[in-house]
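Report on the following structure.
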Amino acid sequence: MNLGNAADWVIMVVAGSFLAVWLFRSFYAWLHEPSGSRVVLLGDGEELAPDDENVKFLERSGFEVVSGKHRIPVTISLDGEKLKTRLYVDYVAERDGLTYLVKTARDRMPYEWTGSGLRDRLFMYALLVPGTEGIIIMDARDKWIRTLTFRITEQG
């Protein structure tokens, strides 16, 4: 056997091994990742207005606002009839490397500050966008921010 052929075979075996390990790891990661069929990727959202009081208040509170309003279209089937609606995320903000969805308080839809009230109103956002740390509820006019996180526990 020629020394040149042996070196070629060693290079082929090493390259093939790397390729096999890479394919196995990629397949394993794909196989064990959670299903993303219902996970929403928010995209870019609307551009931020330079004079937006909500953005200014969030920035003064230590957050970096990375995008504006997001509309998430939802189609509901009720007894075969299609109903269309949307969910809204007002802003996406980051602080300390963690991402938060931001909802602004509205006078016409006050929050019920109970576990069941917050769950019924906001839990869907945590399920739709699971890569976020939590949800920020804020009111720039009255100068308050509340941070909400959902954790699934063994017993309630």
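Just so we're on the same page: first chain in the structure tokens is A, next is B, and so on; residues restart at 1 for each chain, and ligands are numbered from 1 in the order they show up.
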
Which parts of region 1-141 of chain A does DSSP call strand (DSSP E or B) when run on the backbone here, written out as a PyMOL selection string?
chain A and resi 64-67+70-78+81-89+91-95+98-104+106+109+134-139

Residue neighbourhood Ala105 (chain A), 8 Å, only C-alpha atoms, exclusion window fewer than 5 positions, as an MDAnalysis selection string
chainID A and resid 110:111 137:139

Kindly save the residues from that selection, with all heavy atoms included, as a compact mmCIF listing (two decimals), in the first residue's frame.
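Contents of the output file selection21.txt:
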```txt
# COMPACT_ATOMS: atom_id res chain seq x y z
N PRO A 110 -59.37 47.26 32.35
CA PRO A 110 -58.49 47.18 33.52
C PRO A 110 -58.11 45.72 33.82
O PRO A 110 -58.86 44.80 33.51
CB PRO A 110 -59.34 47.77 34.64
CG PRO A 110 -60.74 47.62 34.19
CD PRO A 110 -60.72 47.68 32.70
N TYR A 111 -56.94 45.57 34.41
CA TYR A 111 -56.47 44.24 34.78
C TYR A 111 -57.07 43.82 36.11
O TYR A 111 -57.23 44.62 37.02
CB TYR A 111 -54.94 44.22 34.89
CG TYR A 111 -54.27 44.20 33.55
CD1 TYR A 111 -53.89 45.37 32.93
CD2 TYR A 111 -54.04 42.99 32.90
CE1 TYR A 111 -53.29 45.36 31.68
CE2 TYR A 111 -53.45 42.97 31.65
CZ TYR A 111 -53.07 44.15 31.05
OH TYR A 111 -52.49 44.13 29.81
N ILE A 137 -46.41 44.55 32.15
CA ILE A 137 -47.63 45.33 32.06
C ILE A 137 -47.25 46.72 32.55
O ILE A 137 -46.67 46.86 33.63
CB ILE A 137 -48.74 44.73 32.94
CG1 ILE A 137 -48.94 43.25 32.60
CG2 ILE A 137 -50.04 45.51 32.77
CD1 ILE A 137 -49.71 42.49 33.63
N MET A 138 -47.54 47.74 31.76
CA MET A 138 -47.06 49.08 32.11
C MET A 138 -48.09 50.16 31.82
O MET A 138 -48.98 49.98 31.00
CB MET A 138 -45.77 49.38 31.36
CG MET A 138 -45.96 49.32 29.86
SD MET A 138 -44.94 50.40 28.87
CE MET A 138 -45.11 51.97 29.55
N ASP A 139 -47.92 51.27 32.52
CA ASP A 139 -48.73 52.45 32.27
C ASP A 139 -47.80 53.66 32.40
O ASP A 139 -47.39 54.02 33.51
CB ASP A 139 -49.87 52.53 33.28
CG ASP A 139 -50.87 53.65 32.96
OD1 ASP A 139 -50.48 54.61 32.26
OD2 ASP A 139 -52.02 53.55 33.40
```

Work out how far apart CA of Glu59 (chain A) and CA of Tyr88 (chain A) are and give it in Å to one decimal.
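Interatomic distance, CA of Glu59 (chain A) to CA of Tyr88 (chain A): 20.8 Å.
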
From region 32-125 of chain A, collect each residue whose DSSP state is alpha helix (DSSP H) and return the set as a list in words.
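Taking region 32-125 of chain A and keeping alpha helix (DSSP H) only, one gets His32, Glu53, Asn54, Val55, Lys56, Phe57, Leu58, Glu59, Arg60, Gly115, Ser116, Gly117, Leu118, Arg119, Asp120, Arg121, Leu122, Phe123, Met124 and Tyr125 of chain A.
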
Write out as a ChimeraX atom specification each polymer residue whose atoms come within 12 Å of Arg119 (chain A), counting only C-alpha atoms; drop sequence neighbours fewer than 6 positions from it.
/A:111-113,125-127,135,148-152

Could you write out that same residue set with all heavy atoms as a CSV table (one decimal), in the first residue's frame?
```csv
chain,number,residue,atom,x,y,z
A,111,TYR,N,-56.9,45.6,34.4
A,111,TYR,CA,-56.5,44.2,34.8
A,111,TYR,C,-57.1,43.8,36.1
A,111,TYR,O,-57.2,44.6,37.0
A,111,TYR,CB,-54.9,44.2,34.9
A,111,TYR,CG,-54.3,44.2,33.6
A,111,TYR,CD1,-53.9,45.4,32.9
A,111,TYR,CD2,-54.0,43.0,32.9
A,111,TYR,CE1,-53.3,45.4,31.7
A,111,TYR,CE2,-53.5,43.0,31.6
A,111,TYR,CZ,-53.1,44.2,31.1
A,111,TYR,OH,-52.5,44.1,29.8
A,112,GLU,N,-57.4,42.5,36.2
A,112,GLU,CA,-57.8,42.0,37.5
A,112,GLU,C,-56.5,41.3,38.1
A,112,GLU,O,-56.0,40.4,37.5
A,112,GLU,CB,-58.9,40.9,37.2
A,112,GLU,CG,-59.4,40.2,38.5
A,112,GLU,CD,-60.4,39.1,38.2
A,112,GLU,OE1,-61.1,39.3,37.2
A,112,GLU,OE2,-60.4,38.2,39.0
A,113,TRP,N,-56.0,41.9,39.1
A,113,TRP,CA,-54.7,41.5,39.7
A,113,TRP,C,-54.8,40.3,40.6
A,113,TRP,O,-54.4,40.3,41.7
A,113,TRP,CB,-54.1,42.7,40.4
A,113,TRP,CG,-53.8,43.9,39.5
A,113,TRP,CD1,-54.5,45.0,39.5
A,113,TRP,CD2,-52.8,44.0,38.5
A,113,TRP,NE1,-54.0,45.9,38.5
A,113,TRP,CE2,-53.0,45.2,37.9
A,113,TRP,CE3,-51.8,43.1,38.0
A,113,TRP,CZ2,-52.2,45.6,36.8
A,113,TRP,CZ3,-51.0,43.5,37.0
A,113,TRP,CH2,-51.2,44.8,36.4
A,125,TYR,N,-50.1,34.5,25.8
A,125,TYR,CA,-48.9,35.1,25.3
A,125,TYR,C,-47.6,34.3,25.7
A,125,TYR,O,-46.7,34.1,24.9
A,125,TYR,CB,-48.7,36.6,25.7
A,125,TYR,CG,-49.8,37.4,25.2
A,125,TYR,CD1,-50.9,37.8,26.0
A,125,TYR,CD2,-49.8,37.9,23.9
A,125,TYR,CE1,-51.9,38.6,25.5
A,125,TYR,CE2,-50.8,38.7,23.3
A,125,TYR,CZ,-51.8,39.1,24.1
A,125,TYR,OH,-52.8,39.8,23.6
A,126,ALA,N,-47.6,33.8,26.9
A,126,ALA,CA,-46.5,33.0,27.4
A,126,ALA,C,-46.4,31.7,26.6
A,126,ALA,O,-45.4,31.2,26.3
A,126,ALA,CB,-46.6,32.7,28.9
A,127,LEU,N,-47.6,31.2,26.2
A,127,LEU,CA,-47.6,29.9,25.5
A,127,LEU,C,-47.2,30.2,24.0
A,127,LEU,O,-46.6,29.3,23.4
A,127,LEU,CB,-49.0,29.3,25.5
A,127,LEU,CG,-49.4,28.8,26.9
A,127,LEU,CD1,-50.9,28.3,26.9
A,127,LEU,CD2,-48.5,27.7,27.4
A,135,ILE,N,-43.9,38.8,30.9
A,135,ILE,CA,-44.7,39.9,30.3
A,135,ILE,C,-44.6,41.1,31.2
A,135,ILE,O,-44.8,41.0,32.4
A,135,ILE,CB,-46.2,39.4,30.1
A,135,ILE,CG1,-46.2,38.2,29.2
A,135,ILE,CG2,-47.1,40.5,29.6
A,135,ILE,CD1,-47.5,37.4,29.2
A,148,LEU,N,-44.5,40.1,35.0
A,148,LEU,CA,-45.3,38.9,35.2
A,148,LEU,C,-44.6,37.7,34.6
A,148,LEU,O,-44.2,37.8,33.4
A,148,LEU,CB,-46.7,39.1,34.6
A,148,LEU,CG,-47.7,37.9,34.5
A,148,LEU,CD1,-48.1,37.6,35.9
A,148,LEU,CD2,-48.8,38.3,33.6
A,149,THR,N,-44.4,36.7,35.3
A,149,THR,CA,-43.8,35.4,34.7
A,149,THR,C,-44.8,34.3,35.1
A,149,THR,O,-45.4,34.3,36.1
A,149,THR,CB,-42.4,35.1,35.3
A,149,THR,OG1,-42.5,35.0,36.7
A,149,THR,CG2,-41.4,36.2,34.9
A,150,PHE,N,-44.9,33.3,34.2
A,150,PHE,CA,-45.7,32.1,34.4
A,150,PHE,C,-44.7,31.0,34.6
A,150,PHE,O,-43.8,30.8,33.7
A,150,PHE,CB,-46.6,31.9,33.2
A,150,PHE,CG,-47.7,32.9,33.1
A,150,PHE,CD1,-47.6,33.9,32.2
A,150,PHE,CD2,-48.9,32.8,33.9
A,150,PHE,CE1,-48.6,34.8,32.0
A,150,PHE,CE2,-49.9,33.7,33.7
A,150,PHE,CZ,-49.8,34.7,32.8
A,151,ARG,N,-44.9,30.2,35.6
A,151,ARG,CA,-44.1,28.9,35.8
A,151,ARG,C,-45.1,27.8,36.0
A,151,ARG,O,-46.0,27.9,36.9
A,151,ARG,CB,-43.2,29.0,36.9
A,151,ARG,CG,-42.1,30.1,36.8
A,151,ARG,CD,-41.0,29.7,35.8
A,151,ARG,NE,-40.0,30.8,35.7
A,151,ARG,CZ,-39.9,31.7,34.7
A,151,ARG,NH1,-40.7,31.6,33.7
A,151,ARG,NH2,-39.0,32.6,34.7
A,152,ILE,N,-45.0,26.7,35.3
A,152,ILE,CA,-45.8,25.6,35.5
A,152,ILE,C,-45.2,24.8,36.7
A,152,ILE,O,-44.0,24.5,36.7
A,152,ILE,CB,-45.9,24.6,34.3
A,152,ILE,CG1,-46.3,25.4,33.0
A,152,ILE,CG2,-46.8,23.5,34.5
A,152,ILE,CD1,-47.7,26.0,33.1
```

Which is closest to Lys143 (chain A) among A:Phe18, A:Phe24, A:Phe57, A:Trp9, if we use only C-alpha atoms?
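Between A:Phe18, A:Phe24, A:Phe57, A:Trp9, the residue approaching Lys143 (chain A) most closely is A:Phe57.
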
Nearest to Gly68 (chain A) among A:Thr114, A:Asn54, A:Thr153, A:Thr85, with distances taken over only C-alpha atoms: which residue is it?
A:Asn54

Using Å and a single decimal, report how far CA of Lys84 (chain A) sits from CA of Thr104 (chain A).
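Computed distance, CA of Thr104 (chain A) to CA of Lys84 (chain A), equals 23.0 Å.
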
Using only C-alpha atoms, which residue out of A:Leu58, A:Val13, A:Val65, A:Ala49 lies closest to Thr99 (chain A)?
A:Val65

From the set A:Lys69, A:Arg108, A:Lys56, A:Arg141, which residue has the shortest atom-to-atom contact distance to Asp90 (chain A), counting only C-alpha atoms?
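Of A:Lys69, A:Arg108, A:Lys56, A:Arg141, the one nearest Asp90 (chain A), counting only C-alpha atoms, is A:Lys69.
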
Which residue gives the smallest distance to Trp144 (chain A) among A:Ser61, A:His32, A:Ile72, A:Arg25, with only C-alpha atoms counted?
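Comparing A:Ser61, A:His32, A:Ile72, A:Arg25 against Trp144 (chain A), the winner is A:Ser61.
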
Distance in Å - CA of Gly97 (chain A) versus CA of Thr132 (chain A)
10.5 Å

Shell around Met124 (chain A) at 12 Å using only C-alpha atoms, local window under 4 positions removed, as a PyMOL selection string
chain A and resi 38-40+72+74+87-89+101+118-120+128-130+134-135+150

Can those selected residues be exported to a file as a compact mmCIF listing (two decimals), in the first residue's frame so that it contains N, CA, C and O atoms?
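New file out-v3.txt:
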```txt
# COMPACT_ATOMS: atom_id res chain seq x y z
N ARG A 38 -46.94 25.63 17.03
CA ARG A 38 -47.80 26.67 17.58
C ARG A 38 -46.99 27.81 18.18
O ARG A 38 -47.54 28.69 18.82
N VAL A 39 -45.69 27.81 17.98
CA VAL A 39 -44.84 28.86 18.51
C VAL A 39 -44.79 30.00 17.51
O VAL A 39 -44.58 29.80 16.33
N VAL A 40 -45.02 31.19 18.00
CA VAL A 40 -45.05 32.37 17.13
C VAL A 40 -43.67 33.02 17.12
O VAL A 40 -43.07 33.25 18.16
N ILE A 72 -50.83 39.38 15.87
CA ILE A 72 -50.77 37.93 15.67
C ILE A 72 -52.15 37.48 15.21
O ILE A 72 -53.10 37.47 16.01
N VAL A 74 -55.29 35.21 14.38
CA VAL A 74 -55.82 33.96 14.93
C VAL A 74 -57.11 33.65 14.19
O VAL A 74 -57.97 34.52 14.04
N LEU A 87 -54.33 38.88 18.16
CA LEU A 87 -53.74 39.19 19.46
C LEU A 87 -52.71 40.28 19.22
O LEU A 87 -52.08 40.31 18.17
N TYR A 88 -52.56 41.16 20.18
CA TYR A 88 -51.62 42.27 20.03
C TYR A 88 -50.56 42.22 21.13
O TYR A 88 -50.88 41.99 22.30
N VAL A 89 -49.33 42.42 20.74
CA VAL A 89 -48.23 42.66 21.67
C VAL A 89 -47.80 44.09 21.40
O VAL A 89 -47.48 44.44 20.26
N LEU A 101 -42.33 40.47 26.63
CA LEU A 101 -43.43 41.03 25.86
C LEU A 101 -44.02 42.15 26.71
O LEU A 101 -44.09 42.03 27.93
N LEU A 118 -55.07 37.26 35.76
CA LEU A 118 -53.88 37.41 34.92
C LEU A 118 -53.69 36.21 34.00
O LEU A 118 -53.33 36.35 32.84
N ARG A 119 -53.96 35.01 34.53
CA ARG A 119 -53.87 33.81 33.70
C ARG A 119 -54.82 33.89 32.52
O ARG A 119 -54.42 33.68 31.37
N ASP A 120 -56.08 34.23 32.78
CA ASP A 120 -57.07 34.27 31.71
C ASP A 120 -56.74 35.32 30.66
O ASP A 120 -57.02 35.14 29.48
N LEU A 128 -47.65 31.27 23.44
CA LEU A 128 -47.37 31.56 22.04
C LEU A 128 -45.91 31.92 21.79
O LEU A 128 -45.38 31.62 20.73
N VAL A 129 -45.29 32.60 22.74
CA VAL A 129 -43.92 33.07 22.57
C VAL A 129 -43.10 32.57 23.77
O VAL A 129 -42.77 33.35 24.67
N PRO A 130 -42.78 31.28 23.80
CA PRO A 130 -42.16 30.71 25.00
C PRO A 130 -40.72 31.14 25.24
O PRO A 130 -40.19 30.91 26.32
N GLY A 134 -40.89 36.85 30.38
CA GLY A 134 -42.17 37.19 30.99
C GLY A 134 -42.89 38.27 30.23
O GLY A 134 -42.54 38.59 29.09
N ILE A 135 -43.88 38.83 30.89
CA ILE A 135 -44.70 39.87 30.29
C ILE A 135 -44.64 41.09 31.19
O ILE A 135 -44.78 40.98 32.41
N PHE A 150 -44.86 33.34 34.20
CA PHE A 150 -45.66 32.14 34.43
C PHE A 150 -44.71 30.96 34.56
O PHE A 150 -43.80 30.79 33.74
```

Could you tell me which of A:Ile136, A:Leu98, A:Ala93, A:Ala6 comes closest to Leu48 (chain A) if we count only C-alpha atoms?
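Using only C-alpha atoms, the shortest distance to Leu48 (chain A) belongs to A:Ala93.
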